[in-house]
Amino acid sequence: QVHLEDAGGGSVKAGTSLRLSCAFSGGYFLAYAMGWFRQAPGNEREFVAAISRTTGDTLYADSVKGRFTISKNSAENTAYLHMYSLKPEDTAIYYCAARTSQRNNIVSSTPESYTYWGQGTQVTVSS
């Protein structure tokens, strides 16, 4: 059974950076495309970023494009979300997710397409 462990959240000032990690276990890491989503209080879960199984194709929400970077490290079985120039509106619980795909270059922004989810890590950005 695949298990995802989110970590790296915290309380930071606007303009600073954080790196979230998602440790993957219980399966073959390169068989899964990864995604990051977030949910702020009173809001629905929204897409942040996604990366394909092996080709490195990425997709970002417009709100984070140019500020966030998603990556996969197959040696560590870990996905990362590097967040730069954080804004108060980035405050949310961040969740990583994993999905299988038949093609190596598939990326998805749809939460329903992901099978496995981490428990979430809180990011709070103050002005």
# chains A, B, ... in the order shown; residues from 1 in each chain; ligands from 1
$ select_by_dssp --residues "chain A" --states "strand (DSSP E or B)" --output "PyMOL selection string"
chain A and resi 3-7+10-13+18-25+32-39+46-51+58-60+68-73+78-83+92-100+116-117+121-126
$ write_last_selection --atoms "C-alpha atoms" --output "short mmCIF file (atom, residue, chain, number, x, y, z; two decimals), in the first residue's frame"
data_model
loop_
_atom_site.label_atom_id
_atom_site.label_comp_id
_atom_site.auth_asym_id
_atom_site.auth_seq_id
_atom_site.Cartn_x
_atom_site.Cartn_y
_atom_site.Cartn_z
CA HIS A 3 1.95 5.80 1.86
CA LEU A 4 2.75 9.52 1.56
CA GLU A 5 4.22 11.53 4.40
CA ASP A 6 4.04 15.33 4.05
CA ALA A 7 6.47 17.52 5.97
CA GLY A 10 5.65 26.18 9.17
CA SER A 11 4.93 29.80 9.98
CA VAL A 12 6.95 32.29 7.95
CA LYS A 13 6.99 35.92 6.90
CA LEU A 18 9.83 27.02 2.42
CA ARG A 19 10.47 23.56 1.06
CA LEU A 20 7.79 20.91 1.50
CA SER A 21 8.66 17.25 1.17
CA CYS A 22 6.54 14.19 0.43
CA ALA A 23 8.14 10.87 1.34
CA PHE A 24 6.77 8.00 -0.77
CA SER A 25 6.75 4.36 0.35
CA TYR A 32 3.57 7.52 -10.03
CA ALA A 33 2.99 11.07 -11.07
CA MET A 34 2.90 13.45 -8.11
CA GLY A 35 0.89 16.51 -7.28
CA TRP A 36 0.54 19.17 -4.61
CA PHE A 37 -2.77 20.65 -3.58
CA ARG A 38 -3.75 23.09 -0.86
CA GLN A 39 -6.82 23.97 1.14
CA GLU A 46 -7.14 23.60 -5.06
CA PHE A 47 -4.41 22.46 -7.38
CA VAL A 48 -0.90 23.85 -6.87
CA ALA A 49 1.58 21.85 -8.96
CA ALA A 50 2.12 18.47 -10.60
CA ILE A 51 5.01 16.50 -12.06
CA THR A 58 5.36 19.95 -14.81
CA LEU A 59 2.16 21.94 -14.45
CA TYR A 60 1.47 24.86 -12.14
CA PHE A 68 6.90 27.47 -6.75
CA THR A 69 8.87 24.55 -8.15
CA ILE A 70 7.88 20.90 -7.96
CA SER A 71 10.47 18.15 -8.24
CA LYS A 72 10.97 14.40 -7.74
CA ASN A 73 14.07 12.72 -6.38
CA THR A 78 10.60 11.95 -2.30
CA ALA A 79 8.73 14.72 -4.05
CA TYR A 80 9.38 18.35 -3.15
CA LEU A 81 7.60 21.66 -3.45
CA HIS A 82 9.98 24.60 -3.26
CA MET A 83 8.02 27.73 -2.42
CA ALA A 92 -3.22 26.73 3.66
CA ILE A 93 -2.80 23.07 4.47
CA TYR A 94 -0.70 21.56 1.70
CA TYR A 95 -1.24 17.97 0.58
CA CYS A 96 0.86 15.83 -1.70
CA ALA A 97 -0.81 13.21 -3.85
CA ALA A 98 0.20 10.34 -6.12
CA ARG A 99 -1.43 8.75 -9.15
CA THR A 100 -0.47 6.10 -11.63
CA TYR A 116 -3.09 8.43 -2.64
CA TRP A 117 -2.83 11.45 -0.38
CA THR A 121 1.24 20.07 6.36
CA GLN A 122 0.27 23.58 7.49
CA VAL A 123 1.84 26.61 5.86
CA THR A 124 1.11 29.99 7.42
CA VAL A 125 2.45 33.17 5.82
CA SER A 126 2.16 36.43 7.75
#
$ closest_residue --among "A:Arg45, A:Gly120, A:Ser63, A:Ala75" --to "A:Asp90" --atoms "only C-alpha atoms"
A:Ser63
$ residues_around --residues "stretch 104-108 of chain A" --least-positions-apart "2" --cutoff "6 Å" --atoms "only C-alpha atoms" --output "list of chain:residue names"
A:Ala50, A:Ile51, A:Ser52, A:Arg53, A:Thr54, A:Thr55, A:Asp57, A:Thr110
